[in-house]
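Trainee: To be precise about what I am sending: the file is called work06.pdb and holds PDB, C-alpha atoms and all ligand atoms.
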ATOM      1  CA  MET H 238       3.672  36.688   3.289
ATOM      2  CA  THR H 239       2.244  33.798   1.245
ATOM      3  CA  SER H 240       2.734  34.171  -2.477
ATOM      4  CA  PRO H 241      -0.461  34.243  -4.572
ATOM      5  CA  PHE H 242       1.442  31.886  -6.839
ATOM      6  CA  THR H 243       1.352  29.075  -4.260
ATOM      7  CA  ALA H 244      -1.552  29.943  -1.921
ATOM      8  CA  ARG H 245      -4.010  27.100  -2.263
ATOM      9  CA  ARG H 246      -7.312  28.914  -1.850
ATOM     10  CA  PRO H 247      -6.624  31.685  -4.412
ATOM     11  CA  LEU H 248      -5.276  29.029  -6.783
ATOM     12  CA  ARG H 249      -8.446  26.961  -6.433
ATOM     13  CA  GLU H 250     -10.961  29.791  -6.365
ATOM     14  CA  ARG H 251      -9.454  32.547  -8.516
ATOM     15  CA  ALA H 252      -6.617  31.298 -10.716
ATOM     16  CA  TYR H 253      -8.013  27.874 -11.601
ATOM     17  CA  PRO H 254     -11.738  27.675 -10.754
ATOM     18  CA  ASP H 255     -12.182  26.467 -14.349
ATOM     19  CA  PRO H 256      -9.899  26.008 -17.392
ATOM     20  CA  SER H 257     -10.448  29.492 -18.901
ATOM     21  CA  ASN H 258      -7.264  31.221 -17.625
ATOM     22  CA  LEU H 259      -5.100  28.255 -18.533
ATOM     23  CA  GLU H 260      -6.614  27.937 -22.014
ATOM     24  CA  THR H 261      -6.125  31.683 -22.661
ATOM     25  CA  ARG H 262      -2.439  31.317 -21.851
ATOM     26  CA  ARG H 263      -2.081  28.155 -23.906
ATOM     27  CA  ALA H 264      -3.667  29.901 -26.938
ATOM     28  CA  VAL H 265      -0.782  32.350 -27.383
ATOM     29  CA  TYR H 266       1.619  29.497 -28.102
ATOM     30  CA  ARG H 267       0.043  28.871 -31.499
ATOM     31  CA  PHE H 268       2.422  31.671 -32.533
ATOM     32  CA  ARG H 269       5.487  29.874 -31.180
ATOM     33  CA  ARG H 270       8.519  29.288 -33.439
ATOM     34  CA  PRO H 271       9.506  26.584 -33.971
ATOM     35  CA  PRO H 272       6.136  25.009 -33.181
ATOM     36  CA  LEU H 273       6.233  22.670 -30.194
ATOM     37  CA  ASP H 274       3.887  19.730 -29.684
ATOM     38  CA  LEU H 275       4.392  19.565 -25.931
ATOM     39  CA  VAL H 276       1.539  17.093 -25.441
ATOM     40  CA  GLY H 277       3.173  14.796 -27.996
ATOM     41  CA  GLU H 278       6.625  15.186 -26.429
ATOM     42  CA  VAL H 279       5.276  14.298 -22.985
ATOM     43  CA  ALA H 280       3.262  11.348 -24.308
ATOM     44  CA  ALA H 281       6.256  10.002 -26.240
ATOM     45  CA  ARG H 282       8.312   9.903 -23.042
ATOM     46  CA  LEU H 283       5.552   8.213 -21.066
ATOM     47  CA  ALA H 284       5.251   5.585 -23.788
ATOM     48  CA  THR H 285       8.538   4.236 -22.385
ATOM     49  CA  ALA H 286       7.085   3.728 -18.886
ATOM     50  CA  PRO H 287       6.578   0.111 -17.796
ATOM     51  CA  PRO H 288       3.030  -1.292 -18.011
ATOM     52  CA  GLY H 289       0.688   0.130 -15.380
ATOM     53  CA  THR H 290      -1.136   3.194 -14.150
ATOM     54  CA  LEU H 291      -0.184   6.776 -15.078
ATOM     55  CA  LEU H 292      -0.839   9.699 -12.710
ATOM     56  CA  ASP H 293      -1.136  13.271 -14.036
ATOM     57  CA  VAL H 294      -0.404  15.492 -11.014
ATOM     58  CA  GLY H 295      -1.835  19.016 -11.410
ATOM     59  CA  SER H 296      -3.745  17.771 -14.431
ATOM     60  CA  GLY H 297      -5.606  21.058 -15.007
ATOM     61  CA  SER H 298      -8.139  20.794 -17.799
ATOM     62  CA  GLY H 299      -6.798  17.342 -18.639
ATOM     63  CA  VAL H 300      -5.042  18.025 -21.937
ATOM     64  CA  HIS H 301      -2.255  15.564 -21.123
ATOM     65  CA  THR H 302      -4.506  13.118 -19.258
ATOM     66  CA  ARG H 303      -6.854  12.751 -22.217
ATOM     67  CA  ALA H 304      -4.024  12.499 -24.766
ATOM     68  CA  LEU H 305      -2.481   9.675 -22.718
ATOM     69  CA  ARG H 306      -5.824   7.876 -22.443
ATOM     70  CA  ASP H 307      -6.244   8.124 -26.230
ATOM     71  CA  ARG H 308      -2.739   6.826 -26.904
ATOM     72  CA  HIS H 309      -2.709   4.151 -24.212
ATOM     73  CA  PRO H 310      -6.213   2.662 -23.978
ATOM     74  CA  ASP H 311      -4.673  -0.287 -22.118
ATOM     75  CA  ARG H 312      -3.571   1.907 -19.196
ATOM     76  CA  THR H 313      -5.484   3.634 -16.411
ATOM     77  CA  VAL H 314      -4.604   7.341 -16.542
ATOM     78  CA  ILE H 315      -5.655   9.265 -13.418
ATOM     79  CA  GLY H 316      -6.014  13.047 -13.334
ATOM     80  CA  LEU H 317      -5.261  14.760 -10.015
ATOM     81  CA  ASP H 318      -5.732  18.446  -9.242
ATOM     82  CA  LEU H 319      -6.133  20.773  -6.287
ATOM     83  CA  SER H 320      -9.071  22.457  -7.997
ATOM     84  CA  HIS H 321     -12.396  20.688  -8.166
ATOM     85  CA  GLY H 322     -13.323  22.859 -11.136
ATOM     86  CA  MET H 323     -10.267  21.682 -13.050
ATOM     87  CA  ALA H 324     -10.411  18.011 -12.067
ATOM     88  CA  GLY H 325     -14.017  17.910 -13.286
ATOM     89  CA  HIS H 326     -12.805  18.621 -16.828
ATOM     90  CA  THR H 327     -10.334  15.751 -16.870
ATOM     91  CA  GLY H 328     -12.972  13.027 -17.098
ATOM     92  CA  PRO H 329     -12.872   9.894 -14.936
ATOM     93  CA  PRO H 330     -10.858   8.731 -13.158
ATOM     94  CA  ALA H 331      -9.929  12.081 -11.550
ATOM     95  CA  VAL H 332      -9.079  12.983  -7.968
ATOM     96  CA  VAL H 333      -9.125  16.287  -6.072
ATOM     97  CA  ALA H 334      -5.935  16.199  -4.003
ATOM     98  CA  ASP H 335      -2.703  17.986  -3.187
ATOM     99  CA  ALA H 336       0.635  17.200  -4.820
ATOM    100  CA  GLU H 337       2.269  17.455  -1.386
ATOM    101  CA  ALA H 338       0.223  14.497  -0.101
ATOM    102  CA  LEU H 339      -0.722  12.141  -2.906
ATOM    103  CA  PRO H 340      -3.542   9.758  -1.889
ATOM    104  CA  VAL H 341      -1.618   6.847  -3.412
ATOM    105  CA  ALA H 342       0.220   3.855  -1.896
ATOM    106  CA  ASP H 343       4.004   3.539  -2.141
ATOM    107  CA  GLY H 344       5.557   2.198  -5.354
ATOM    108  CA  VAL H 345       2.433   1.545  -7.440
ATOM    109  CA  VAL H 346       2.441   4.108 -10.277
ATOM    110  CA  ALA H 347       4.290   3.301 -13.521
ATOM    111  CA  GLY H 348       4.456   6.904 -14.734
ATOM    112  CA  CYS H 349       3.845  10.346 -13.216
ATOM    113  CA  LEU H 350       3.526  13.725 -14.928
ATOM    114  CA  ALA H 351       3.904  17.115 -13.289
ATOM    115  CA  VAL H 352       3.423  19.568 -16.156
ATOM    116  CA  HIS H 353       3.605  23.293 -15.458
ATOM    117  CA  MET H 354       2.586  22.805 -11.867
ATOM    118  CA  LEU H 355       5.469  22.347  -9.391
ATOM    119  CA  TYR H 356       5.938  26.151  -9.184
ATOM    120  CA  HIS H 357       2.435  26.339  -7.696
ATOM    121  CA  VAL H 358       3.257  23.991  -4.812
ATOM    122  CA  PRO H 359       4.289  25.689  -1.536
ATOM    123  CA  ARG H 360       6.802  22.933  -0.741
ATOM    124  CA  PRO H 361       7.936  21.594  -4.133
ATOM    125  CA  ARG H 362      10.611  19.426  -2.499
ATOM    126  CA  LEU H 363       7.826  17.539  -0.756
ATOM    127  CA  ALA H 364       5.898  17.178  -4.006
ATOM    128  CA  VAL H 365       8.951  15.741  -5.795
ATOM    129  CA  ALA H 366       9.468  13.338  -2.870
ATOM    130  CA  GLU H 367       5.836  12.270  -3.296
ATOM    131  CA  LEU H 368       6.379  11.584  -7.019
ATOM    132  CA  ALA H 369       9.347   9.364  -6.082
ATOM    133  CA  ARG H 370       7.408   7.621  -3.292
ATOM    134  CA  VAL H 371       4.423   6.544  -5.420
ATOM    135  CA  LEU H 372       6.554   5.441  -8.408
ATOM    136  CA  THR H 373       7.452   1.816  -9.111
ATOM    137  CA  ASP H 374      11.202   1.104  -9.056
ATOM    138  CA  ASP H 375      11.263   0.951 -12.872
ATOM    139  CA  GLY H 376       8.796   3.817 -13.313
ATOM    140  CA  LEU H 377       9.228   7.188 -14.954
ATOM    141  CA  VAL H 378       8.455  10.772 -13.939
ATOM    142  CA  VAL H 379       8.057  13.569 -16.492
ATOM    143  CA  ILE H 380       8.321  17.170 -15.245
ATOM    144  CA  VAL H 381       7.713  20.151 -17.527
ATOM    145  CA  ALA H 382       8.349  23.819 -16.753
ATOM    146  CA  GLN H 383       9.829  27.041 -18.050
ATOM    147  CA  ASP H 384      13.402  27.921 -17.301
ATOM    148  CA  GLY H 385      14.839  31.330 -16.368
ATOM    149  CA  GLY H 386      14.473  33.893 -19.141
ATOM    150  CA  ASP H 387      11.192  32.471 -20.375
ATOM    151  CA  ARG H 388       8.866  35.355 -21.385
ATOM    152  CA  ALA H 389      11.495  37.815 -20.186
ATOM    153  CA  GLU H 390      10.123  40.529 -22.491
ATOM    154  CA  VAL H 391       6.565  40.151 -21.157
ATOM    155  CA  GLU H 392       7.732  39.995 -17.570
ATOM    156  CA  GLY H 393       9.956  43.082 -18.015
ATOM    157  CA  LEU H 394       7.174  45.069 -19.649
ATOM    158  CA  TRP H 395       4.691  44.045 -16.945
ATOM    159  CA  ARG H 396       7.161  45.007 -14.207
ATOM    160  CA  ASP H 397       7.614  48.455 -15.824
ATOM    161  CA  CYS H 398       3.847  48.929 -16.099
ATOM    162  CA  VAL H 399       3.254  47.943 -12.467
ATOM    163  CA  HIS H 400       5.946  50.356 -11.325
ATOM    164  CA  ALA H 401       4.690  53.126 -13.648
ATOM    165  CA  THR H 402       1.234  52.866 -12.072
ATOM    166  CA  GLY H 403       2.517  52.861  -8.500
ATOM    167  CA  GLY H 404       2.183  49.148  -7.785
ATOM    168  CA  GLU H 405       4.568  46.656  -6.240
ATOM    169  CA  TRP H 406       5.808  44.112  -8.759
ATOM    170  CA  ARG H 407       6.383  40.493  -7.700
ATOM    171  CA  ARG H 408       8.185  37.835  -9.678
ATOM    172  CA  GLU H 409       5.702  35.087 -10.576
ATOM    173  CA  SER H 410       7.679  32.191  -9.145
ATOM    174  CA  PRO H 411      11.307  31.696  -8.147
ATOM    175  CA  LEU H 412      11.179  27.991  -9.042
ATOM    176  CA  ASP H 413      12.162  27.265 -12.642
ATOM    177  CA  LEU H 414      13.148  24.114 -14.538
ATOM    178  CA  SER H 415      16.759  24.293 -13.340
ATOM    179  CA  GLY H 416      15.565  24.460  -9.723
ATOM    180  CA  MET H 417      13.293  21.482 -10.327
ATOM    181  CA  ALA H 418      16.227  19.530 -11.782
ATOM    182  CA  VAL H 419      18.125  20.087  -8.529
ATOM    183  CA  LEU H 420      15.146  18.854  -6.500
ATOM    184  CA  ALA H 421      14.697  15.835  -8.777
ATOM    185  CA  ALA H 422      18.383  14.884  -8.452
ATOM    186  CA  ASP H 423      17.844  14.513  -4.690
ATOM    187  CA  HIS H 424      15.086  11.953  -5.209
ATOM    188  CA  PHE H 425      16.010  10.050  -8.401
ATOM    189  CA  GLU H 426      19.175   8.264  -9.481
ATOM    190  CA  SER H 427      18.749   9.382 -13.075
ATOM    191  CA  VAL H 428      17.485  12.767 -14.295
ATOM    192  CA  THR H 429      17.748  13.812 -17.935
ATOM    193  CA  ARG H 430      16.803  17.161 -19.395
ATOM    194  CA  HIS H 431      15.632  18.258 -22.824
ATOM    195  CA  ASP H 432      15.270  21.955 -23.633
ATOM    196  CA  PHE H 433      13.017  23.415 -26.319
ATOM    197  CA  PRO H 434      14.158  27.007 -26.848
ATOM    198  CA  GLY H 435      12.062  29.184 -29.113
ATOM    199  CA  GLU H 436      10.237  32.443 -29.419
ATOM    200  CA  THR H 437       6.627  33.469 -29.721
ATOM    201  CA  VAL H 438       5.919  36.082 -32.372
ATOM    202  CA  VAL H 439       2.380  37.390 -32.063
ATOM    203  CA  PRO H 440       1.016  39.474 -34.952
ATOM    204  CA  ASP H 441      -1.824  40.908 -32.861
ATOM    205  CA  TRP H 442      -1.881  42.718 -29.498
ATOM    206  CA  ARG H 443      -5.025  40.951 -28.253
ATOM    207  CA  PRO H 444      -3.632  37.466 -27.391
ATOM    208  CA  VAL H 445      -0.743  39.105 -25.479
ATOM    209  CA  VAL H 446      -3.119  41.292 -23.479
ATOM    210  CA  ALA H 447      -5.474  38.348 -22.878
ATOM    211  CA  TYR H 448      -2.529  36.307 -21.601
ATOM    212  CA  GLN H 449      -1.571  38.983 -19.086
ATOM    213  CA  GLU H 450      -5.179  39.505 -18.004
ATOM    214  CA  SER H 451      -5.394  35.767 -17.230
ATOM    215  CA  THR H 452      -2.672  36.195 -14.574
ATOM    216  CA  ARG H 453      -4.760  38.623 -12.450
ATOM    217  CA  ALA H 454      -5.195  36.195  -9.540
ATOM    218  CA  LEU H 455      -1.467  35.399  -9.517
ATOM    219  CA  SER H 456      -0.269  39.022  -9.578
ATOM    220  CA  GLY H 457      -0.524  39.901  -5.888
ATOM    221  CA  LEU H 458      -2.144  43.237  -6.866
ATOM    222  CA  SER H 459      -5.529  44.613  -5.895
ATOM    223  CA  ASP H 460      -8.080  44.665  -8.719
ATOM    224  CA  ALA H 461      -7.663  48.437  -9.019
ATOM    225  CA  GLY H 462      -3.876  48.121  -9.106
ATOM    226  CA  PHE H 463      -4.059  45.334 -11.665
ATOM    227  CA  ASP H 464      -6.502  47.343 -13.838
ATOM    228  CA  ALA H 465      -4.185  50.369 -13.809
ATOM    229  CA  ALA H 466      -1.133  48.281 -14.767
ATOM    230  CA  MET H 467      -3.202  46.439 -17.386
ATOM    231  CA  ALA H 468      -4.261  49.713 -19.053
ATOM    232  CA  GLU H 469      -0.611  50.747 -19.320
ATOM    233  CA  PHE H 470       0.443  47.276 -20.520
ATOM    234  CA  THR H 471      -2.288  47.238 -23.188
ATOM    235  CA  ALA H 472      -1.217  50.647 -24.506
ATOM    236  CA  ARG H 473       2.435  49.591 -24.719
ATOM    237  CA  VAL H 474       1.716  46.239 -26.402
ATOM    238  CA  ARG H 475      -0.600  47.939 -28.924
ATOM    239  CA  SER H 476       2.058  50.520 -29.645
ATOM    240  CA  GLU H 477       4.712  47.818 -30.169
ATOM    241  CA  VAL H 478       2.486  45.874 -32.584
ATOM    242  CA  ALA H 479       1.549  49.086 -34.454
ATOM    243  CA  ARG H 480       5.247  49.986 -34.766
ATOM    244  CA  THR H 481       6.802  46.606 -35.634
ATOM    245  CA  GLY H 482       3.842  44.441 -36.698
ATOM    246  CA  VAL H 483       4.436  41.896 -33.910
ATOM    247  CA  PHE H 484       5.030  41.399 -30.210
ATOM    248  CA  ARG H 485       7.772  38.841 -29.634
ATOM    249  CA  PHE H 486       8.970  37.057 -26.527
ATOM    250  CA  THR H 487      11.466  34.360 -25.624
ATOM    251  CA  ASN H 488      10.453  30.809 -24.751
ATOM    252  CA  ARG H 489      12.509  28.579 -22.495
ATOM    253  CA  VAL H 490      10.591  25.432 -21.756
ATOM    254  CA  GLY H 491      11.999  22.012 -21.046
ATOM    255  CA  ILE H 492      11.264  18.467 -19.933
ATOM    256  CA  LEU H 493      12.928  16.530 -17.127
ATOM    257  CA  THR H 494      12.718  12.760 -17.212
ATOM    258  CA  ALA H 495      13.477  11.094 -13.876
ATOM    259  CA  ARG H 496      14.000   7.387 -13.254
ATOM    260  CA  ARG H 497      15.052   5.083 -10.439
ATOM    261  CA  PRO H 498      13.537   6.691  -7.336
ATOM    262  CA  LEU H 499      15.885   6.772  -4.354
ATOM    263  CA  ARG H 500      14.268   5.041  -1.361
ATOM    264  CA  SER H 501      15.132   6.427   2.044
TER
HETATM  265  C1  LIG F 601      -0.675  25.775 -15.102
HETATM  266  S1  LIG F 601      -1.857  24.565 -14.697
HETATM  267  C2  LIG F 601      -1.234  23.165 -15.600
HETATM  268  C3  LIG F 601      -2.271  22.120 -15.905
HETATM  269  C4  LIG F 601      -1.811  20.939 -16.756
HETATM  270  N1  LIG F 601      -0.761  20.175 -16.128
HETATM  271  C5  LIG F 601      -1.370  21.396 -18.123
HETATM  272  O1  LIG F 601      -0.173  21.440 -18.395
HETATM  273  O2  LIG F 601      -2.241  21.722 -18.923
HETATM  274  C6  LIG F 601      -1.488  24.169 -13.007
HETATM  275  C7  LIG F 601      -2.483  23.232 -12.366
HETATM  276  O3  LIG F 601      -1.928  22.775 -11.120
HETATM  277  C8  LIG F 601      -2.952  22.744 -10.153
HETATM  278  N2  LIG F 601      -2.335  22.824  -8.816
HETATM  279  C9  LIG F 601      -1.805  23.912  -8.210
HETATM  280  N3  LIG F 601      -1.297  23.592  -7.019
HETATM  281  C10 LIG F 601      -1.513  22.262  -6.849
HETATM  282  C11 LIG F 601      -1.231  21.341  -5.799
HETATM  283  N4  LIG F 601      -0.617  21.735  -4.660
HETATM  284  N5  LIG F 601      -1.609  20.054  -5.948
HETATM  285  C12 LIG F 601      -2.246  19.648  -7.084
HETATM  286  N6  LIG F 601      -2.546  20.488  -8.106
HETATM  287  C13 LIG F 601      -2.183  21.775  -7.998
HETATM  288  C14 LIG F 601      -3.837  23.931 -10.502
HETATM  289  O4  LIG F 601      -5.126  23.821  -9.938
HETATM  290  C15 LIG F 601      -3.822  23.890 -12.037
HETATM  291  O5  LIG F 601      -4.877  23.119 -12.544
END
Could I get this structure in the form of structure tokens?
Mentor:
Amino acid sequence: MTSPFTARRPLRERAYPDPSNLETRRAVYRFRRPPLDLVGEVAARLATAPPGTLLDVGSGSGVHTRALRDRHPDRTVIGLDLSHGMAGHTGPPAVVADAEALPVADGVVAGCLAVHMLYHVPRPRLAVAELARVLTDDGLVVIVAQDGGDRAEVEGLWRDCVHATGGEWRRESPLDLSGMAVLAADHFESVTRHDFPGETVVPDWRPVVAYQESTRALSGLSDAGFDAAMAEFTARVRSEVARTGVFRFTNRVGILTARRPLRS
């Protein structure tokens, strides 16, 4: 059975028809400790790419694309996304395309980003091979994702709530940063990793509940099943915040920097 986490049509039409779900999830990280300027960290790495075009694969609402355009007015920064509704928010130039088949010639892109997106690709190995194919020999790829254990407390609570309401729980995605590092090592001579461990301590139940609600299309549950689990989840998060003053969860996010694509 295809996972709702990688099925293209639900991704385009339900999970990412517009930036709202993504922005709801991003909003909770204002409570992260220590604070993390991920956009700045990504941009700083791409500042070391050789002169030339940058390609933001799975650009979403264009947060990284626009930051790179602001910081590097001399470069062309192209947004690329599976969802028309997302690509439209990136501003020009933006392309609607699939990471598994980039509409780009071999060896012409100085820097590629794949931020929080490879776990949505049905064949991530193919997507990583595409990043290597389009890159110049001296180019740079930046991959960002969570590693195992990220949001373990939220995931565990959600799993309990799904089970308590008679639903079938599914892990969001089996592909984490460590898995991506293995894929990258098959396609690049050099892969370096930087981890940013932290925790998010939210003094209000609402952003936590809004975050979970934004994952409806990725849950694999019917609307009725999701609503039942959501009611249970909301009650438990509210109770935790009433009891302790906060809801806290672990963050395990990291950046891979890959250089020297291996040509077959
Ligand atoms: C979690 S969002 C991340 C967006 C952006 N990179 C960021 O960090 O803000 C994932 C994005 O990947 C896009 N996406 C999913 N599968 C894709 C694919 N096969 N090819 C290109 N984009 C894809 C989605 O439409 C969505 O906009």
Trainee: Might I get the box with edges along x, y and z of the file that holds all atoms of range 431-434 of chain H listed there, padded by 8 Å on every side, given as centre and edge lengths in Å to one decimal, as lines of an AutoDock Vina configuration file?
Mentor:
center_x = 14.3
center_y = 22.6
center_z = -24.8
size_x = 18.6
size_y = 24.7
size_z = 20.0
Trainee: Here's the selection I'm unsure about, the PyMOL selection byres (((chain H and resi 455-467) around 6) and not hetatm); applied to the file above, which residues does it give, as a list in words?
Mentor: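 On the file shown, the PyMOL selection byres (((chain H and resi 455-467) around 6) and not hetatm) covers Pro241, Phe242, Cys398, Val399, Thr402, Thr452, Arg453, Ala454, Ala468, Glu469, Phe470 and Thr471 of chain H.
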Trainee: Taking all atoms listed in the file into account, which of H:Ala401, H:Ala495, H:Val346, H:Ala382 comes nearest ligand LIG 601 (chain F)?
Mentor: H:Ala382
Trainee: Quick one: which range 372-483 of chain H residues come within 9 Å of range 488-491 of chain H, and what is the nearest atom pair for each with the distance in Å to one decimal, counting all atoms listed in the file, rows ordered by chain and ascending number, as JSON lines?
Mentor:
{"residue": "H:Ile380", "atom": "CA", "partner": "H:Gly491", "partner_atom": "CA", "distance": 8.4}
{"residue": "H:Val381", "atom": "CA", "partner": "H:Gly491", "partner_atom": "CA", "distance": 5.8}
{"residue": "H:Ala382", "atom": "CA", "partner": "H:Val490", "partner_atom": "CA", "distance": 5.7}
{"residue": "H:Gln383", "atom": "CA", "partner": "H:Val490", "partner_atom": "CA", "distance": 4.1}
{"residue": "H:Asp384", "atom": "CA", "partner": "H:Arg489", "partner_atom": "CA", "distance": 5.3}
{"residue": "H:Gly385", "atom": "CA", "partner": "H:Arg489", "partner_atom": "CA", "distance": 7.1}
{"residue": "H:Gly386", "atom": "CA", "partner": "H:Arg489", "partner_atom": "CA", "distance": 6.6}
{"residue": "H:Asp387", "atom": "CA", "partner": "H:Arg489", "partner_atom": "CA", "distance": 4.6}
{"residue": "H:Arg388", "atom": "CA", "partner": "H:Asn488", "partner_atom": "CA", "distance": 5.9}
{"residue": "H:Ala389", "atom": "CA", "partner": "H:Asn488", "partner_atom": "CA", "distance": 8.4}
{"residue": "H:Leu414", "atom": "CA", "partner": "H:Gly491", "partner_atom": "CA", "distance": 6.9}
{"residue": "H:Arg430", "atom": "CA", "partner": "H:Gly491", "partner_atom": "CA", "distance": 7.0}
{"residue": "H:His431", "atom": "CA", "partner": "H:Gly491", "partner_atom": "CA", "distance": 5.5}
{"residue": "H:Asp432", "atom": "CA", "partner": "H:Gly491", "partner_atom": "CA", "distance": 4.2}
{"residue": "H:Phe433", "atom": "CA", "partner": "H:Val490", "partner_atom": "CA", "distance": 5.5}
{"residue": "H:Pro434", "atom": "CA", "partner": "H:Arg489", "partner_atom": "CA", "distance": 4.9}
{"residue": "H:Gly435", "atom": "CA", "partner": "H:Asn488", "partner_atom": "CA", "distance": 4.9}
{"residue": "H:Glu436", "atom": "CA", "partner": "H:Asn488", "partner_atom": "CA", "distance": 5.0}
{"residue": "H:Thr437", "atom": "CA", "partner": "H:Asn488", "partner_atom": "CA", "distance": 6.8}
Trainee: So which one's closest to ligand LIG 601 (chain F), H:Val300, H:Leu499, H:Leu291, H:Ala366? Using all atoms listed in the file, please.
Mentor: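 That would be H:Val300, the residue with the smallest distance to ligand LIG 601 (chain F).
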Trainee: Evaluate the PyMOL selection byres (((chain H and resi 283) around 10) and not hetatm) and record the selected residues as a list in words, following the chain and residue labels used in the document.
Mentor: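 This file, filtered by the PyMOL selection byres (((chain H and resi 283) around 10) and not hetatm), leaves Gly277, Glu278, Val279, Ala280, Ala281, Arg282, Ala284, Thr285, Ala286, Pro287, Leu291, Leu305, His309, Ala347, Gly348, Cys349, Leu350, Gly376, Leu377, Val378, Val379 and Thr494 of chain H.
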Trainee: Could you write those residues out with C-alpha atoms, as a PDB file, in the coordinates of the input?
Mentor:
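Okay, again_14.pdb is ready:
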ATOM      1  CA  GLY H 277       3.173  14.796 -27.996  1.00  0.00           C
ATOM      2  CA  GLU H 278       6.625  15.186 -26.429  1.00  0.00           C
ATOM      3  CA  VAL H 279       5.276  14.298 -22.985  1.00  0.00           C
ATOM      4  CA  ALA H 280       3.262  11.348 -24.308  1.00  0.00           C
ATOM      5  CA  ALA H 281       6.256  10.002 -26.240  1.00  0.00           C
ATOM      6  CA  ARG H 282       8.312   9.903 -23.042  1.00  0.00           C
ATOM      7  CA  ALA H 284       5.251   5.585 -23.788  1.00  0.00           C
ATOM      8  CA  THR H 285       8.538   4.236 -22.385  1.00  0.00           C
ATOM      9  CA  ALA H 286       7.085   3.728 -18.886  1.00  0.00           C
ATOM     10  CA  PRO H 287       6.578   0.111 -17.796  1.00  0.00           C
ATOM     11  CA  LEU H 291      -0.184   6.776 -15.078  1.00  0.00           C
ATOM     12  CA  LEU H 305      -2.481   9.675 -22.718  1.00  0.00           C
ATOM     13  CA  HIS H 309      -2.709   4.151 -24.212  1.00  0.00           C
ATOM     14  CA  ALA H 347       4.290   3.301 -13.521  1.00  0.00           C
ATOM     15  CA  GLY H 348       4.456   6.904 -14.734  1.00  0.00           C
ATOM     16  CA  CYS H 349       3.845  10.346 -13.216  1.00  0.00           C
ATOM     17  CA  LEU H 350       3.526  13.725 -14.928  1.00  0.00           C
ATOM     18  CA  GLY H 376       8.796   3.817 -13.313  1.00  0.00           C
ATOM     19  CA  LEU H 377       9.228   7.188 -14.954  1.00  0.00           C
ATOM     20  CA  VAL H 378       8.455  10.772 -13.939  1.00  0.00           C
ATOM     21  CA  VAL H 379       8.057  13.569 -16.492  1.00  0.00           C
ATOM     22  CA  THR H 494      12.718  12.760 -17.212  1.00  0.00           C
TER      23      THR H 494
END
Trainee: May I have the residues within 8 Å of ligand LIG 601 (chain F), computed using all atoms listed in the file, as a count of residues only?
Mentor: 40
Trainee: For a cut-off of 9 Å around (19.6, 11.5, -13.2), file coordinates, pick out all residues using all atoms listed in the file and list them as a PyMOL selection string.
Mentor: chain H and resi 418+421-422+425-430+494-497
Trainee: I need the residue nearest Arg312 in chain H from this list: H:Gly289, H:Ser410, H:Arg500, H:Tyr448. Use all atoms listed in the file for the distance.
Mentor: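 That would be H:Gly289, the residue with the smallest distance to Arg312 in chain H.
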Trainee: Just give me the gap between CA of Val446 in chain H and CA of Glu409 in chain H in Å, one decimal is fine.
Mentor: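 Between CA of Val446 in chain H and CA of Glu409 in chain H the gap is 16.8 Å.
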Trainee: Report, in Å with one decimal, the straight-line distance from CA of Ile315 in chain H to CA of Val265 in chain H.
Mentor: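 CA of Ile315 in chain H sits 27.4 Å away from CA of Val265 in chain H.
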Trainee: Step by step: start from the point (-11.6, 7.9, -11.0) in the file's coordinates, keep every protein, DNA or RNA residue that has an atom no farther than 10 Å from it, count all atoms listed in the file, and write the set as a PyMOL selection string.
Mentor: chain H and resi 313-317+327-332
Trainee: Which one is closest to Pro411 in chain H: H:Ala479, H:Pro498, H:Ser240, H:Arg251? Count all atoms listed in the file.
Mentor: H:Ser240
Trainee: Mind giving me the straight-line distance from CA of Ala244 in chain H to CA of Arg370 in chain H in Å, one decimal?
Mentor: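 If I compute the distance from CA of Ala244 in chain H to CA of Arg370 in chain H, I get 24.1 Å.
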Trainee: Can you pull out the residues contacting Trp442 in chain H? Cut-off 12 Å, using only C-alpha atoms, and skip same-chain residues under 6 positions away; I want them as a ChimeraX atom specification.
Mentor: /H:265,448-449,470-485
